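Step one of this worksheet: look at the structure below.
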Protein chains: 2
Amino acid sequence: MTNDHPALTRRQQQIYDYLRHHADGFEHAPTLDELCAALGVRSRGSLHKHIQALIAAGVVEPMDGRQRGVRLTESGHDGGTLPLLGTIAAGRPIEAVAVAERVEVPAALRSTGPCYVLRVRGDSMIDEGILDGDWVVIEQRDHARNGEIVVALIDESEATLKRLEHRAGTITLHPANAALSPMRYAPDRVRIQGVLVGQMRRY
Amino acid sequence: MTNDHPALTRRQQQIYDYLRHHADGFEHAPTLDELCAALGVRSRGSLHKHIQALIAAGVVEPMDGRQRGVRLTESGHDGGTLPLLGTIAAGRPIEAVAVAERVEVPAALRSTGPCYVLRVRGDSMIDEGILDGDWVVIEQRDHARNGEIVVALIDESEATLKRLEHRAGTITLHPANAALSPMRYAPDRVRIQGVLVGQMRRY
DNA sequence: ACTATAAGAGAACCGATAGAGAACAGACAA
DNA sequence: TTGTCTGTTCTCTATCGGTTCTCTTATAGT
């Protein structure tokens with residue numbers, strides 16, 4: 001998740017991570033002094049050296065002359081968008097998109113954890129109001145509770161979006177389509193890849 | 001939350017934030033003096049400099065000559081959000097929300113025209129994948145093409161979300177629920193209030 | 001050992017930013 | 001018209017914040 005940039009020294013990476021995760025904590029873009037206080041550095045000059053390195057790496061906006069605080073570049077932070085990993089169709093592995101796209105997702109449709117977006121292909125969840133072409137927001141985790149809708153990888157080969165029922169040695173994946181029937185698996189054949197937390201559709 | 005505009009200095013951002021959050025508190029658009037008092041600035045000239053910067057940034061309306069106070073531009077006002085006008089339930093008028101809420105809506109789910117958001121109550125569009133509790137994004141206009149899903153006001157009293165069919169002297173509103181049947185009206189009893197352009201759901 | 005690199009402290013410098021206050025001119029109301 | 005209100009422009013000043021510098025220390029690499 002922390003997208004690594006090359007040629008960043010350890011401390012620079014720390015500072016970059018800090019900026020990414022605490023950017024919202026600051027009312028405005030933090031000044032060098034504020035960052036010093038937050039990071040426990042006493043010398044503004046020292047921190048400045050690191051910021052310069054981050055600017056050179058292209059993840060912090062260069063401030064030519066201006067005094068507007070340290071702010072990440074567009075590519076440096078996720079700014080309200082999530083990665084679109086690909087298309088999920090019942091019965092086939094997730095088909096990755098060629099280019100690494102990003103999709104704008106309102107905060108209300110995300111969870112606090114790491115999330116990504118998939119495009120839905122097919123009608124297997126139609127009775128849950130998830131239609132062909134919808135975007136779904138998935139929280140990335142490897143476990144889920146009964147009744148949650150999950151992205152499940154079966155036999156390490158095919159991924160599907162289904163409602164989870166886990167009990168007594170079997171995992172049942174329920175499609176939400178009257179034309180399809182539930183499928184049962186031994187627990188070790190199923191790996192949870194994420195849980196549905198949001199959905200969007202465009203007309 | 002605070003939607004950052006480029007090249008805004010610290011104080012300019014503060015003032016912009018203040019305007020966004022307190023704009024409704026002023027009876028009329030605030031004058032420079034009123035803003036000075038509210039922000040604790042004693043010099044009108046100083047504040048004026050900041051307002052000019054906000055105008056240059058495109059978030060405050062330029063006031064060429066006129067004396068009409070400081071007001072935000074359209075784009076400066078919402079910043080990625082749309083107004084949540086209320087709840088729409090088939091068969092009842094739109095129920096307005098008490099406070100003027102705003103909902104974050106990604107650009108992909110909006111049209112170019114003016115839009116607003118409604119909360120869906122009831123299951124009348126369940127077969128179209130619109131469930132109880134969903135948010136729908138509506139483009140405000142008074143006409144629609146056949147097959148579009150519209151917010152229709154019937155007899156100036158009850159609003160519903162239905163698929164439109166308009167032909168030969170009658171308007172038919174199709175619910176998307178096998179348990180409900182289409183309704184026919186004379187054209188002058190139905191007024192279109194908007195067209196469905198997007199939909200969002202949280203789990 | 002010597003050297004290179006990363007990291008920090010602290011001082012000094014200087015343009016950018018912000019505020020005060022005065023003065024002026026057009027807008028608007030009495 | 002008159003006078004006040006309101007936006008504009010100006011100068012002056014203090015401070016802030018980014019930059020540059022030197023010096024010190026620690027860790028790793030041939």
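Starting from 1 in every chain, residues are counted up; chains themselves are A, B, ... following the order of the structure tokens, and ligands are numbered from 1 as listed.
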
Where does chain D meet chain B within 10 Å, residue by residue, with the nearest atom pair and distance in Å to one decimal for each, counting only C-alpha atoms (C1' of nucleotides), listed by chain and rising number, as CSV?
```
residue,atom,partner,partner_atom,distance
D:DC5,C1',B:Gln67,CA,9.1
D:DT6,C1',B:Gln67,CA,6.1
D:DG7,C1',B:Gln67,CA,6.9
D:DT8,C1',B:Gly45,CA,8.1
D:DT9,C1',B:Gly45,CA,8.4
D:DC10,C1',B:Gly45,CA,9.5
```

Chain A in the frame of chain B after full C-alpha superposition, as a compact mmCIF listing (two decimals) with C-alpha atoms, in the first residue's frame:
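result35.txt was written with the following content:
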```txt
# COMPACT_ATOMS: atom_id res chain seq x y z
CA MET A 1 -28.82 26.77 -3.34
CA THR A 2 -26.67 29.78 -2.40
CA ASN A 3 -27.04 29.24 1.29
CA ASP A 4 -27.67 32.66 2.70
CA HIS A 5 -25.92 33.72 5.84
CA PRO A 6 -27.50 36.38 7.96
CA ALA A 7 -26.15 39.86 8.31
CA LEU A 8 -24.26 39.79 5.04
CA THR A 9 -24.35 42.98 3.11
CA ARG A 10 -24.99 42.87 -0.61
CA ARG A 11 -21.37 43.18 -1.65
CA GLN A 12 -20.28 40.67 0.97
CA GLN A 13 -22.79 38.18 -0.37
CA GLN A 14 -21.46 38.79 -3.89
CA ILE A 15 -17.93 38.13 -2.78
CA TYR A 16 -18.96 35.05 -0.86
CA ASP A 17 -20.79 33.69 -3.90
CA TYR A 18 -17.81 34.43 -6.05
CA LEU A 19 -15.56 32.50 -3.71
CA ARG A 20 -17.91 29.55 -3.68
CA HIS A 21 -18.20 29.29 -7.43
CA HIS A 22 -14.70 30.17 -8.46
CA ALA A 23 -12.77 28.52 -5.69
CA ASP A 24 -11.77 25.76 -8.08
CA GLY A 25 -10.67 28.27 -10.66
CA PHE A 26 -7.77 29.35 -8.51
CA GLU A 27 -4.76 27.11 -8.36
CA HIS A 28 -4.31 28.06 -4.72
CA ALA A 29 -6.34 30.02 -2.27
CA PRO A 30 -6.50 33.52 -3.74
CA THR A 31 -4.74 36.45 -2.15
CA LEU A 32 -6.43 39.77 -1.54
CA ASP A 33 -4.72 41.21 -4.60
CA GLU A 34 -5.89 38.38 -6.82
CA LEU A 35 -9.42 38.74 -5.55
CA CYS A 36 -9.24 42.46 -6.17
CA ALA A 37 -8.28 41.85 -9.77
CA ALA A 38 -10.96 39.21 -10.20
CA LEU A 39 -13.69 41.36 -8.68
CA GLY A 40 -12.62 44.63 -10.23
CA VAL A 41 -11.71 46.31 -6.98
CA ARG A 42 -8.63 48.48 -6.94
CA SER A 43 -8.02 48.78 -3.25
CA ARG A 44 -6.79 45.88 -1.22
CA GLY A 45 -7.82 47.64 1.95
CA SER A 46 -11.42 47.92 0.84
CA LEU A 47 -11.65 44.25 0.00
CA HIS A 48 -10.02 43.40 3.27
CA LYS A 49 -12.89 45.03 5.09
CA HIS A 50 -15.33 42.69 3.36
CA ILE A 51 -13.25 39.62 4.03
CA GLN A 52 -13.16 40.53 7.69
CA ALA A 53 -16.95 40.65 7.68
CA LEU A 54 -17.05 37.19 6.07
CA ILE A 55 -14.69 35.90 8.72
CA ALA A 56 -16.96 37.35 11.39
CA ALA A 57 -19.89 35.62 9.72
CA GLY A 58 -17.96 32.37 9.98
CA VAL A 59 -17.79 31.48 6.31
CA VAL A 60 -14.14 32.35 5.69
CA GLU A 61 -11.25 30.91 7.63
CA PRO A 62 -9.63 33.46 9.87
CA MET A 63 -5.96 33.87 8.98
CA ASP A 64 -4.30 34.79 12.20
CA GLY A 65 -1.02 36.14 11.07
CA ARG A 66 -0.58 33.53 8.34
CA GLN A 67 -0.39 34.47 4.68
CA ARG A 68 -2.21 31.63 3.08
CA GLY A 69 -4.88 33.33 1.03
CA VAL A 70 -8.63 33.55 1.38
CA ARG A 71 -10.24 30.19 1.91
CA LEU A 72 -13.76 29.23 2.88
CA THR A 73 -14.46 27.32 6.07
CA GLU A 74 -15.73 23.77 5.99
CA SER A 75 -19.32 24.91 6.42
CA GLY A 76 -18.78 27.70 3.94
CA HIS A 77 -18.31 25.49 0.90
CA ASP A 78 -19.67 22.18 -0.22
CA GLY A 79 -16.27 20.51 -0.57
CA GLY A 80 -17.26 17.50 -2.62
CA THR A 81 -20.43 16.75 -0.73
CA LEU A 82 -24.09 17.05 -1.63
CA PRO A 83 -27.10 17.44 0.65
CA LEU A 84 -28.97 14.27 1.56
CA LEU A 85 -32.56 15.40 1.30
CA GLY A 86 -34.22 12.24 2.51
CA THR A 87 -35.65 8.92 1.49
CA ILE A 88 -37.65 8.22 -1.61
CA ALA A 89 -40.05 5.31 -1.65
CA ALA A 90 -42.40 4.67 -4.52
CA GLY A 91 -45.84 5.87 -3.59
CA ARG A 92 -44.96 8.09 -0.68
CA PRO A 93 -43.70 11.66 -0.53
CA ILE A 94 -40.03 12.17 0.03
CA GLU A 95 -39.38 11.66 3.67
CA ALA A 96 -37.02 14.35 4.79
CA VAL A 97 -34.18 13.47 7.12
CA ALA A 98 -34.29 15.08 10.52
CA VAL A 99 -30.89 16.70 10.39
CA ALA A 100 -29.40 18.27 7.28
CA GLU A 101 -26.87 15.59 6.36
CA ARG A 102 -24.33 15.74 3.58
CA VAL A 103 -22.99 12.89 1.54
CA GLU A 104 -19.62 12.68 -0.13
CA VAL A 105 -20.14 12.25 -3.88
CA PRO A 106 -17.31 11.93 -6.43
CA ALA A 107 -17.36 14.49 -9.20
CA ALA A 108 -17.88 11.79 -11.82
CA LEU A 109 -21.27 10.94 -10.38
CA ARG A 110 -22.59 14.48 -10.55
CA SER A 111 -23.77 16.68 -13.36
CA THR A 112 -22.77 20.27 -13.79
CA GLY A 113 -26.11 21.50 -12.46
CA PRO A 114 -27.32 21.59 -8.87
CA CYS A 115 -27.62 18.11 -7.38
CA TYR A 116 -28.84 16.39 -4.26
CA VAL A 117 -28.89 12.86 -2.87
CA LEU A 118 -31.78 10.58 -1.90
CA ARG A 119 -31.83 7.23 -0.17
CA VAL A 120 -33.88 4.61 -2.03
CA ARG A 121 -36.49 2.61 -0.18
CA GLY A 122 -38.18 -0.32 -1.88
CA ASP A 123 -37.61 -2.43 -4.94
CA SER A 124 -39.51 -0.61 -7.64
CA MET A 125 -36.38 0.02 -9.74
CA ILE A 126 -34.71 -3.29 -9.10
CA ASP A 127 -34.42 -4.23 -12.78
CA GLU A 128 -32.43 -1.07 -13.42
CA GLY A 129 -29.95 -2.10 -10.79
CA ILE A 130 -31.24 0.29 -8.14
CA LEU A 131 -31.71 -1.57 -4.89
CA ASP A 132 -33.24 -0.87 -1.52
CA GLY A 133 -30.82 1.25 0.49
CA ASP A 134 -28.88 2.68 -2.46
CA TRP A 135 -28.01 6.34 -2.68
CA VAL A 136 -29.08 8.09 -5.86
CA VAL A 137 -27.70 11.40 -7.09
CA ILE A 138 -30.39 13.61 -8.59
CA GLU A 139 -29.87 16.68 -10.73
CA GLN A 140 -32.45 19.23 -9.77
CA ARG A 141 -34.52 20.31 -12.78
CA ASP A 142 -38.16 20.48 -13.79
CA HIS A 143 -37.98 18.83 -17.19
CA ALA A 144 -36.56 15.64 -18.61
CA ARG A 145 -36.27 13.75 -21.87
CA ASN A 146 -38.00 10.52 -22.70
CA GLY A 147 -36.21 7.52 -21.26
CA GLU A 148 -34.55 9.37 -18.40
CA ILE A 149 -35.15 8.20 -14.84
CA VAL A 150 -36.81 10.97 -12.88
CA VAL A 151 -38.05 11.93 -9.46
CA ALA A 152 -41.71 12.68 -10.19
CA LEU A 153 -44.18 14.29 -7.83
CA ILE A 154 -47.75 13.13 -8.50
CA ASP A 155 -50.70 15.27 -7.48
CA GLU A 156 -48.34 17.34 -5.36
CA SER A 157 -48.40 14.57 -2.82
CA GLU A 158 -46.46 11.43 -3.65
CA ALA A 159 -42.96 11.19 -5.07
CA THR A 160 -41.51 8.25 -6.95
CA LEU A 161 -38.42 7.28 -8.89
CA LYS A 162 -39.42 6.04 -12.33
CA ARG A 163 -38.45 5.98 -15.99
CA LEU A 164 -40.22 8.74 -17.92
CA GLU A 165 -42.19 8.40 -21.10
CA HIS A 166 -43.91 11.53 -22.26
CA ARG A 167 -46.08 11.54 -25.36
CA ALA A 168 -49.29 12.91 -26.81
CA GLY A 169 -51.07 14.18 -23.74
CA THR A 170 -50.05 11.47 -21.32
CA ILE A 171 -47.11 10.84 -19.10
CA THR A 172 -46.23 7.23 -18.39
CA LEU A 173 -44.03 6.30 -15.47
CA HIS A 174 -42.37 2.90 -15.89
CA PRO A 175 -41.20 1.03 -12.82
CA ALA A 176 -38.34 -1.36 -13.38
CA ASN A 177 -39.82 -4.32 -11.63
CA ALA A 178 -41.67 -7.11 -13.40
CA ALA A 179 -44.16 -7.27 -10.53
CA LEU A 180 -45.31 -3.69 -11.02
CA SER A 181 -47.06 -2.10 -13.98
CA PRO A 182 -46.59 1.31 -15.64
CA MET A 183 -48.81 4.17 -14.58
CA ARG A 184 -50.33 6.81 -16.83
CA TYR A 185 -51.17 10.36 -15.84
CA ALA A 186 -52.39 13.59 -17.36
CA PRO A 187 -49.37 15.90 -17.73
CA ASP A 188 -50.67 18.42 -15.22
CA ARG A 189 -50.74 15.84 -12.45
CA VAL A 190 -47.03 15.13 -12.71
CA ARG A 191 -44.22 17.46 -11.75
CA ILE A 192 -40.60 16.55 -12.45
CA GLN A 193 -38.34 17.29 -9.51
CA GLY A 194 -35.07 15.94 -10.81
CA VAL A 195 -33.24 13.50 -13.02
CA LEU A 196 -31.10 10.55 -12.00
CA VAL A 197 -27.42 11.13 -12.74
CA GLY A 198 -25.60 8.78 -10.37
CA GLN A 199 -25.94 5.92 -7.95
CA MET A 200 -23.88 4.48 -5.10
CA ARG A 201 -24.11 1.42 -2.89
CA ARG A 202 -22.28 0.19 0.17
CA TYR A 203 -21.94 -3.47 1.14
```

For chain C, report every residue with an atom at most 9 Å from chain B (counting only C-alpha atoms (C1' of nucleotides)), formatted as a PDB file with N, CA and C atoms (P, O5', C5', C4', C3', O3' and C1' of nucleotides), in the first residue's frame.
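Dumped everything to iface-v2.pdb:
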```pdb
ATOM      1  P    DT C  17       4.149  34.404  -0.467  1.00  0.00           P
ATOM      2  O5'  DT C  17       3.609  34.899   0.946  1.00  0.00           O
ATOM      3  C5'  DT C  17       3.829  34.078   2.085  1.00  0.00           C
ATOM      4  C4'  DT C  17       3.319  34.768   3.327  1.00  0.00           C
ATOM      5  C3'  DT C  17       1.926  35.381   3.192  1.00  0.00           C
ATOM      6  O3'  DT C  17       1.091  34.753   4.140  1.00  0.00           O
ATOM      7  C1'  DT C  17       3.434  36.876   4.262  1.00  0.00           C
ATOM      8  P    DA C  18      -0.472  35.147   4.259  1.00  0.00           P
ATOM      9  O5'  DA C  18      -0.459  36.237   5.415  1.00  0.00           O
ATOM     10  C5'  DA C  18       0.146  35.910   6.651  1.00  0.00           C
ATOM     11  C4'  DA C  18       0.053  37.093   7.595  1.00  0.00           C
ATOM     12  C3'  DA C  18      -1.287  37.819   7.530  1.00  0.00           C
ATOM     13  O3'  DA C  18      -1.756  38.066   8.838  1.00  0.00           O
ATOM     14  C1'  DA C  18       0.475  39.344   7.190  1.00  0.00           C
ATOM     15  P    DG C  19      -3.281  38.428   9.072  1.00  0.00           P
ATOM     16  O5'  DG C  19      -3.203  39.888   9.714  1.00  0.00           O
ATOM     17  C5'  DG C  19      -2.370  40.085  10.833  1.00  0.00           C
ATOM     18  C4'  DG C  19      -1.932  41.523  10.886  1.00  0.00           C
ATOM     19  C3'  DG C  19      -3.058  42.538  10.824  1.00  0.00           C
ATOM     20  O3'  DG C  19      -3.267  43.070  12.117  1.00  0.00           O
ATOM     21  C1'  DG C  19      -1.152  43.192   9.547  1.00  0.00           C
ATOM     22  P    DA C  20      -4.472  44.083  12.360  1.00  0.00           P
ATOM     23  O5'  DA C  20      -3.764  45.498  12.207  1.00  0.00           O
ATOM     24  C5'  DA C  20      -2.639  45.800  13.011  1.00  0.00           C
ATOM     25  C4'  DA C  20      -2.101  47.174  12.653  1.00  0.00           C
ATOM     26  C3'  DA C  20      -3.169  48.273  12.652  1.00  0.00           C
ATOM     27  O3'  DA C  20      -2.809  49.286  13.570  1.00  0.00           O
ATOM     28  C1'  DA C  20      -1.879  48.272  10.621  1.00  0.00           C
ATOM     29  P    DG C  21      -3.942  50.326  13.997  1.00  0.00           P
ATOM     30  O5'  DG C  21      -3.816  51.491  12.916  1.00  0.00           O
ATOM     31  C5'  DG C  21      -2.531  51.998  12.619  1.00  0.00           C
ATOM     32  C4'  DG C  21      -2.585  52.776  11.323  1.00  0.00           C
ATOM     33  C3'  DG C  21      -3.823  53.671  11.163  1.00  0.00           C
ATOM     34  O3'  DG C  21      -3.395  54.995  10.970  1.00  0.00           O
ATOM     35  C1'  DG C  21      -3.340  52.492   9.180  1.00  0.00           C
ATOM     36  P    DG C  26     -14.121  57.819  -9.104  1.00  0.00           P
ATOM     37  O5'  DG C  26     -15.275  56.734  -9.208  1.00  0.00           O
ATOM     38  C5'  DG C  26     -14.942  55.356  -9.295  1.00  0.00           C
ATOM     39  C4'  DG C  26     -15.951  54.532  -8.536  1.00  0.00           C
ATOM     40  C3'  DG C  26     -17.418  54.785  -8.921  1.00  0.00           C
ATOM     41  O3'  DG C  26     -18.069  53.544  -9.051  1.00  0.00           O
ATOM     42  C1'  DG C  26     -17.140  55.068  -6.597  1.00  0.00           C
ATOM     43  P    DA C  27     -19.583  53.503  -9.447  1.00  0.00           P
ATOM     44  O5'  DA C  27     -20.271  53.159  -8.046  1.00  0.00           O
ATOM     45  C5'  DA C  27     -19.795  52.034  -7.308  1.00  0.00           C
ATOM     46  C4'  DA C  27     -20.783  51.679  -6.212  1.00  0.00           C
ATOM     47  C3'  DA C  27     -22.248  51.772  -6.592  1.00  0.00           C
ATOM     48  O3'  DA C  27     -22.930  50.702  -5.939  1.00  0.00           O
ATOM     49  C1'  DA C  27     -21.771  53.303  -4.846  1.00  0.00           C
ATOM     50  P    DC C  28     -24.425  50.384  -6.319  1.00  0.00           P
ATOM     51  O5'  DC C  28     -25.219  51.063  -5.119  1.00  0.00           O
ATOM     52  C5'  DC C  28     -24.896  50.681  -3.787  1.00  0.00           C
ATOM     53  C4'  DC C  28     -25.515  51.659  -2.810  1.00  0.00           C
ATOM     54  C3'  DC C  28     -26.992  51.985  -3.083  1.00  0.00           C
ATOM     55  O3'  DC C  28     -27.754  51.562  -1.964  1.00  0.00           O
ATOM     56  C1'  DC C  28     -25.723  53.931  -2.561  1.00  0.00           C
TER      57       DC C  28
END
```

(request) Would you mind writing down, as a ChimeraX atom specification, each residue of stretch 42-192 of chain B that DSSP on the backbone assigns to strand (DSSP E or B)? (result) /B:60,72,81-89,92,95-104,115-121,135-139,149-154,158-167,170-174,183-185,190-192

(request) Based on DSSP run over this structure's backbone, return all residues of stretch 41-200 of chain A in helix (DSSP H, G or I), as an MDAnalysis selection string. (result) chainID A and resid 44:57 107:109 126:128 187:189

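Atom to atom, atom C1' of C:DA16 and atom C1' of D:DC21 stand 20.9 Å apart.
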